[in-house]
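Take a look at the structure set out below.
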Amino acid sequence: MEHQPAAVPNTGRRDPERSKSHAKPQLLSTSNKISQNKERKMRHINPLVLLVILLRPAVVNGQVRNGKSQPTLSSRAYDQWQSVEMGTISNNGNFVAYHVRKGEYDNSRGFTTILQSSAKAWQVTLSNKDYPTFTADSRYAVLKTDGDSLAILRLGRPDKQYIPEIISFSIPEQGNGNWIAFFRKAAPEKLVLLNLATHKETTIPDVLEYQFADSGNALVLKTEISDNRSQQAIQWMELEKMTTKEVIRASGIANLVMDQQGKRLVFMATDTINTGNDPLIWLYSAGEKHARKVAKGLDTDLSIAAISRFSNDGNKLFLSLKPKEKQMNPVLSDAVKLNIWSYKDQKLQPQQLKDSGQIPTYMAVVDILNPFAKIVRLEQDAGESFDYPGDGEYGRLYRNQSTHMAAASHWIYTIVSLKDAKRSLSMPYTLNLSPNGNFAVYFDPIQRQYFSYETTTGITKKITEGITTDWLTSSRNSEDSTNARGVAGWVSDQNAVLLYDRNDLWQIDLRKVRPPVNLTNGYGKHNHIIFNMPENFKNTTQSNSELILTALNESTIDQGYFKARIGKSTNPELLTIGPYIYEIKNSQYLPYGQNITQKARNANAYLISRMSAGESPNFFFTEDFRKFRRLSDVHPEKNYNWYTTELHTWKSYDGRTLKGVLYKPENFDPTKKYPVIVYIYERRSEFKNFYVKPGSLCDGCNINIPTFVSNGYLVFSPDIYYTIGNPLQGAYDAVVSGAEYLKGLSFVNAYKLGLQGCSFGGFETNYLIGKTNVFAAGMSASGIADVISGYGSLAQDGTSQNAFFEIGQIRMGKPLWDIPAQYIKNSAIFNADKVTTPLLIMHTTKDGICLFPNVIEFFTGLRRLGKKVWMLEYEDGNHGISGKSADDFATRVRQFFDHYLMDKPAPKWMTQGRPAALKGFDERLELDSPEAVP
């Protein structure tokens, strides 16, 4: 093992592998120059200007806005903090609805529902947690109030109707928008059908269950038969004619499913003539006299578990099968309590024991138009899953293939015929099926090319041959990644697929007849922009159609929208771009699914959410993505000393130019010297325009950036790049070079740098404090310290951790016995004797990935060496904490950093500890005397 000398205090000493002579990192940011210029100008300031400055209102630990002092953030603000969420838009685009939520945690009384016109000419505000639903004709909004009344609001008018004491309600997704069905508490067996056009109520007795057709043309009722309680009836109601037909009487009616067109209904029921007890599948088609059985040809050892869904055209029915129950021999009371582990087992014993009580199911399909059709079983073993694009004669199977000899499992994808379950193309790459099922598209990472496979002919073509571009994604392992960005959509009338390269969008002919078209003309690559299709837009389009694309500028992190056109290779048209986040998609780090763009079903009208670092998420309306009309106006951050963000760049020790986000308070004073907490987790520059909501913690284990910045800290988040086999060298190069860069900024207190990370960031923190003394304090949450013992451990679900360490986030690349020196080098436990940085550890007892015993090794080692270390073990939570535990941890981590970075007195839990006998009685949160030393 290579000898590692101890780090020298406050030098940020280099790793011995990189111990050649190095100058300080090159300062590429303009921030330092600006602050130095300001400092020079202050020396020659005009006396009159100085007088004006001196007469400005003074603020202690706060910000002045409009002549008023803005308070700093504290826990008192969290429960009152407002945010908007759950936006939706009516089918005609003329109305929107959203919630304004108050508070940090779940608060059933903290919701306000806003209904308003997109033109902002009309608005209704309700104190309500249930969310409104728009009728299909965009005339009404319907919701259940907190007082259990049914509220029916006429959109754009003052008309309101309240029906008291209801249990539940439902409206059709499409149709004329006339119908609401609901149960009253006073008569829970009677269904009330209300016609909004005529205001007429129809009461239907003995209703056990009901369902509107999505199309809005029919209502299906499952009713109780009063003179025979063992049976139920199914009734089909045509809503336009208000006619009802009984289609069957049977026992055990359940699992009602309708097709999209509202023409067919299937359900499970026991055949009263059949002597068997197993339920069968029945089909009723509108206009027929009665329901008929459709499920035949079932294996004798299988039974029907459930009906899943119809195909889009309503001609195929998917259902799940299960093994018939078998009589099991009872477990002997005197049996040996023994588990036998074998090297031949595909699954380890804990996984097998966990799975033993689960009943496997298998997807199957039946052609309901063919009266002689048999059930076709598609999945053959319990590990398989089935996908169907919606139409066509082919689907996709995928399963997790694993062997005891491999570090990790891998996915196998297979094309399967719905007619006879015959399997064709099968490979370890993702197969993307076209919407009609006629083509499959896959990316071969070895050839780095896309291929198409025609399901009807079996012909394979290399469809991207001859195109010079990079198809790979910019992922957390971009240097070693073989993952393509993937399929963006389909052009249905041209048999074409839309593919992403690293930046741009391509239209590729699936039969390789038409030439490829770069729809964004390389604009993304040349301007460092990544284009994406918005999440909620249809992924199938037509020739010459217009495309709205989201855009992320990699250099500035600005985001916006562009417009392109199918079949055209021209520079996309800029619609808007700026220091905002409009929609989060295909990001490794930002919370996926936030700020999803919503399109009205029947209009080119859109509801979007926009945020920035200094502006909380709010809803806007647009028709062209150029002009945006603000709908919500919730800005709690304006009442506090908030934060600003800056994107900084510097040279890492490995020569790479890195980016990092520096968070400053609004009342930033360039003449002061600020303590800085370096907050690490892989790459964080994408968060430059992300609005971080105040709360006890971020992500259940990290410091809350707004709170710390509001209270006098700066926070810095550097991007980190990794090398497979030696991942933490990348952390050292990025973080320590970033810390040296910070020390060169005039407003940074070079002796008051802190380090904080959770999960993988905690893993990095544990490592870094044994490699450098540049940090005055470190906090590690939910991390690990021993890669060797971690490699051989089991996760909470009973799986081996081998894959997580070899090819997962830990990135070792090879097993322990192949590169033992690298496992040692990347284990913080082997540098425990070199640590001089005070460390606070937080961990949950039940952490299922970063196991608690792993970090105990580190704590006991540091304790054995007499290092300053504390560990907060929370018995609730798993990898993160919430509620009271989060509040407690937030208080303690703030006290910890306040002591070491702001020279405040330490709390008694740091100076005196907290004996186990006092658990639950004395939290030791009070500050000790200034003389007390932890």
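Letters A, B, ... mark the chains of the structure tokens in the order given; residue numbers begin at 1 per chain; ligand numbers begin at 1, in order shown.
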Polymer residues at most 10 Å from Lys538 in chain A, only C-alpha atoms, same-chain spacing of 3 or more positions, as a CSV table (one decimal) with all heavy atoms, in the first residue's frame:
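Ended up saving to out_21.csv:
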```csv
chain,number,residue,atom,x,y,z
A,489,GLY,N,-39.2,10.7,-30.4
A,489,GLY,CA,-40.6,10.6,-30.9
A,489,GLY,C,-40.6,9.9,-32.3
A,489,GLY,O,-39.6,9.3,-32.7
A,490,TRP,N,-41.8,9.9,-32.9
A,490,TRP,CA,-42.0,9.2,-34.2
A,490,TRP,C,-42.8,10.1,-35.2
A,490,TRP,O,-43.6,10.9,-34.7
A,490,TRP,CB,-42.8,7.9,-33.9
A,490,TRP,CG,-42.2,7.1,-32.9
A,490,TRP,CD1,-42.4,7.2,-31.5
A,490,TRP,CD2,-41.3,6.0,-33.0
A,490,TRP,NE1,-41.7,6.3,-30.8
A,490,TRP,CE2,-41.0,5.5,-31.7
A,490,TRP,CE3,-40.7,5.4,-34.1
A,490,TRP,CZ2,-40.1,4.4,-31.5
A,490,TRP,CZ3,-39.8,4.3,-33.9
A,490,TRP,CH2,-39.5,3.9,-32.6
A,533,MET,N,-37.6,17.3,-26.3
A,533,MET,CA,-39.1,17.4,-26.5
A,533,MET,C,-39.8,17.6,-25.2
A,533,MET,O,-39.4,16.9,-24.2
A,533,MET,CB,-39.6,16.2,-27.2
A,533,MET,CG,-39.0,15.9,-28.6
A,533,MET,SD,-39.9,16.6,-29.9
A,533,MET,CE,-41.3,15.5,-30.1
A,534,PRO,N,-40.7,18.5,-25.0
A,534,PRO,CA,-41.4,18.7,-23.8
A,534,PRO,C,-42.1,17.4,-23.3
A,534,PRO,O,-42.6,16.6,-24.1
A,534,PRO,CB,-42.4,19.8,-24.1
A,534,PRO,CG,-41.8,20.6,-25.2
A,534,PRO,CD,-41.1,19.6,-26.0
A,535,GLU,N,-42.1,17.2,-22.0
A,535,GLU,CA,-42.6,15.9,-21.5
A,535,GLU,C,-44.0,15.6,-21.8
A,535,GLU,O,-44.3,14.5,-22.2
A,535,GLU,CB,-42.4,16.0,-19.9
A,535,GLU,CG,-42.8,14.7,-19.2
A,535,GLU,CD,-41.8,13.6,-19.4
A,535,GLU,OE1,-40.7,13.8,-19.8
A,535,GLU,OE2,-42.2,12.4,-19.2
A,541,THR,N,-45.8,12.5,-34.3
A,541,THR,CA,-46.2,13.7,-35.0
A,541,THR,C,-46.3,13.4,-36.5
A,541,THR,O,-46.2,12.2,-36.9
A,541,THR,CB,-45.1,14.8,-34.8
A,541,THR,OG1,-45.5,16.0,-35.4
A,541,THR,CG2,-43.8,14.4,-35.4
A,599,LYS,N,-50.2,21.3,-22.2
A,599,LYS,CA,-50.9,21.8,-23.3
A,599,LYS,C,-52.4,21.5,-23.2
A,599,LYS,O,-52.8,20.4,-22.8
A,599,LYS,CB,-50.4,21.1,-24.6
A,599,LYS,CG,-51.1,21.6,-25.9
A,599,LYS,CD,-50.6,20.8,-27.1
A,599,LYS,CE,-51.3,21.3,-28.4
A,599,LYS,NZ,-52.7,21.3,-28.3
```
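Using only C-alpha atoms, the residues found no farther than 8 Å from Asp137 in chain A, other than those of its own chain fewer than 2 positions away, are Asn91, Asn92, Thr135, Arg139, Tyr140, Gln174, Gly175, Asn176 and Gly177 of chain A.
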Write out as a PyMOL selection string which residues come within 6 Å of range 686-698 of chain A when counting only C-alpha atoms, dropping same-chain ones fewer than 5 positions away.
chain A and resi 78+580+612-613+616+661+703-704+706+887+890
Would you save the residues from that selection as a tab-separated table (two decimals), in the first residue's frame, using all heavy atoms?
```
chain	number	residue	atom	x	y	z
A	78	TYR	N	-40.71	28.46	7.89
A	78	TYR	CA	-40.99	27.27	7.10
A	78	TYR	C	-42.47	26.93	7.03
A	78	TYR	O	-43.00	26.59	5.96
A	78	TYR	CB	-40.22	26.07	7.64
A	78	TYR	CG	-38.72	26.24	7.74
A	78	TYR	CD1	-37.96	25.46	8.60
A	78	TYR	CD2	-38.05	27.18	6.96
A	78	TYR	CE1	-36.58	25.60	8.69
A	78	TYR	CE2	-36.67	27.34	7.04
A	78	TYR	CZ	-35.95	26.55	7.92
A	78	TYR	OH	-34.58	26.70	8.02
A	580	TYR	N	-33.69	31.01	-16.27
A	580	TYR	CA	-34.86	30.38	-15.65
A	580	TYR	C	-34.79	28.87	-15.83
A	580	TYR	O	-34.00	28.33	-16.59
A	580	TYR	CB	-36.15	30.89	-16.29
A	580	TYR	CG	-36.33	32.38	-16.27
A	580	TYR	CD1	-36.18	33.14	-17.42
A	580	TYR	CD2	-36.66	33.03	-15.09
A	580	TYR	CE1	-36.35	34.51	-17.41
A	580	TYR	CE2	-36.84	34.40	-15.05
A	580	TYR	CZ	-36.67	35.15	-16.21
A	580	TYR	OH	-36.83	36.50	-16.19
A	612	SER	N	-36.65	30.70	-11.00
A	612	SER	CA	-35.25	31.08	-11.05
A	612	SER	C	-34.73	31.03	-9.63
A	612	SER	O	-35.49	30.79	-8.69
A	612	SER	CB	-35.07	32.48	-11.65
A	612	SER	OG	-35.56	33.47	-10.77
A	613	ALA	N	-33.45	31.25	-9.47
A	613	ALA	CA	-32.88	31.21	-8.13
A	613	ALA	C	-33.54	32.24	-7.22
A	613	ALA	O	-33.72	32.00	-6.02
A	613	ALA	CB	-31.37	31.44	-8.18
A	616	SER	N	-39.60	32.26	-6.92
A	616	SER	CA	-40.23	30.98	-6.66
A	616	SER	C	-41.05	30.53	-7.88
A	616	SER	O	-41.47	31.36	-8.69
A	616	SER	CB	-41.14	31.07	-5.43
A	616	SER	OG	-42.13	32.06	-5.63
A	661	VAL	N	-21.48	26.67	-8.69
A	661	VAL	CA	-22.45	27.70	-8.34
A	661	VAL	C	-22.10	28.29	-6.98
A	661	VAL	O	-21.91	27.55	-6.01
A	661	VAL	CB	-23.88	27.13	-8.31
A	661	VAL	CG1	-24.88	28.21	-7.93
A	661	VAL	CG2	-24.24	26.53	-9.67
A	703	ILE	N	-27.70	20.44	4.11
A	703	ILE	CA	-28.02	21.75	4.65
A	703	ILE	C	-29.03	22.44	3.73
A	703	ILE	O	-29.04	22.21	2.51
A	703	ILE	CB	-26.76	22.62	4.80
A	703	ILE	CG1	-26.11	22.88	3.43
A	703	ILE	CG2	-25.79	22.03	5.78
A	703	ILE	CD1	-25.05	23.94	3.43
A	704	ASN	N	-29.87	23.27	4.31
A	704	ASN	CA	-30.79	24.07	3.51
A	704	ASN	C	-30.08	25.35	3.09
A	704	ASN	O	-29.78	26.22	3.90
A	704	ASN	CB	-32.05	24.40	4.32
A	704	ASN	CG	-33.07	25.15	3.50
A	704	ASN	OD1	-33.22	26.36	3.63
A	704	ASN	ND2	-33.77	24.45	2.61
A	706	PRO	N	-30.88	28.16	1.29
A	706	PRO	CA	-31.41	29.50	1.57
A	706	PRO	C	-31.24	29.93	3.03
A	706	PRO	O	-30.92	31.09	3.30
A	706	PRO	CB	-32.89	29.38	1.20
A	706	PRO	CG	-32.95	28.26	0.23
A	706	PRO	CD	-31.90	27.29	0.67
A	887	ASP	N	-35.85	18.52	11.85
A	887	ASP	CA	-35.74	19.78	12.60
A	887	ASP	C	-34.57	19.71	13.58
A	887	ASP	O	-33.79	20.67	13.73
A	887	ASP	CB	-37.03	20.06	13.36
A	887	ASP	CG	-38.21	20.31	12.44
A	887	ASP	OD1	-37.99	20.65	11.26
A	887	ASP	OD2	-39.36	20.15	12.90
A	890	ALA	N	-31.23	19.74	11.67
A	890	ALA	CA	-30.97	21.07	11.13
A	890	ALA	C	-30.41	21.99	12.21
A	890	ALA	O	-29.49	22.79	11.96
A	890	ALA	CB	-32.25	21.65	10.54
```
Find the nearest atom pair between each residue of range 673-756 of chain A and range 895-903 of chain A for residues within 7 Å, count only C-alpha atoms, give distances in Å to one decimal, sort rows by chain and ascending number, and present the table as JSON lines.
```
{"residue": "A:Pro675", "atom": "CA", "partner": "A:Leu901", "partner_atom": "CA", "distance": 6.0}
{"residue": "A:Lys752", "atom": "CA", "partner": "A:Leu901", "partner_atom": "CA", "distance": 5.0}
{"residue": "A:Leu753", "atom": "CA", "partner": "A:Leu901", "partner_atom": "CA", "distance": 7.0}
```
Could you tell me, as an MDAnalysis selection string, which residues of range 222-431 of chain A DSSP assigns to strand (DSSP E) when given the backbone?
chainID A and resid 222:224 232:238 243:258 264:270 280:285 292:293 302:310 316:323 362:367 376:377 384:387 394:401 410:417 423:427
Spatial neighbours of Leu208 in chain A, 7 Å, only C-alpha atoms, chain gap at least 4 places, as a PyMOL selection string
chain A and resi 189+222-224
Please provide as a VMD selection string all residues within 6 Å of range 874-886 of chain A, with the sequence filter that same-chain residues fewer than 5 positions apart are discarded (counting only C-alpha atoms).
chain A and resid 700 to 701 782 844 to 847
